[in-house]
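Reading through the structure tokens given below for one structure.
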Amino acid sequence: MTDERSGVARAPLPAKAGLEVVAQGVVDELPSYAQAFKAVVNVEVAPRATVARSAPGASAEADRLWLEHARTAAVIDDAGCFLVRGADRDWVRVRRTEHTALSAALLPGAGSMVIAMSPDGRRLCALTEEDDDYWIVVHHFEDRAV
């Protein structure tokens with residue numbers, strides 16, 4: 001995988017974020033990555049939390065807040081697993097480790113994001129860069145069956 005701006009090869013998101021890949025090719029009935037992206041990137045989105053990127057320890061605080069909101073929104077299951085974008089925008093099931101830091105997968109200054117979705121595809125919690133802040137965005141797909 002290469003960075004579209006620099007053309008430099010970069011590590012896959014799970015490796016950069018300290019996540020353990022549990023399964024590839026998860027259930028087909030999940031919202032697509034494009035649907036998740038649109039849920040996070042639109043004019044109506046309001047963050048659940050923000051952290052100034054210039055603040056001391058900003059990335060660690062953004063990771064802490066993401067974890068707090070992801071747990072509250074039930075994006076992470078009892079085994080510490082959730083879904084992230086893998087190759088070709090397919091969802092990959094991953095597990096948190098003691099080294100997990102989603103902010104490590106963000107490309108500074110690129111307006112990048114990491115979208116984590118619950119294994120059932122009903123909820124997501126994203127960590128994004130928006131201007132001078134990190135945003136934590138939570139979304140529920142209301143039309144998903146239980």
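So you can find residues: chains in the structure tokens are A, B, ... in the order shown, residues in each start at 1, and ligands are numbered from 1 in order.
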
Test item: residues at most 12 Å from A:Ala74, only C-alpha atoms, excluding those fewer than 5 positions along its chain, as a PyMOL selection string = chain A and resi 66-69+79-82+116-125+138-140

Near-A:Tyr134 list (10 Å; only C-alpha atoms; drop same-chain fewer than 4 positions) as a ChimeraX atom specification = /A:47,49-54,58-59,61-63,66,103,111-113,127-130

message = Give me, as number ranges by chain, all polymer residues having an atom no more than 12 Å from A:Leu13, counting only C-alpha atoms and skipping those fewer than 2 positions away in the same chain.
response = A: 1-3, 10-11, 15-21, 83-87, 89, 91-94, 100-107, 112-116

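Atom CA of A:Phe141 is positioned 20.4 Å from atom CA of A:Asp78.
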
Sel. of alpha helix (DSSP H) residues, chain A, as a ChimeraX atom specification = /A:13-16,33-40,58-72

query = Please, what distance in Å, to one decimal, runs between atom CA of A:Val137 and atom CA of A:Val40?
reply = 6.6 Å
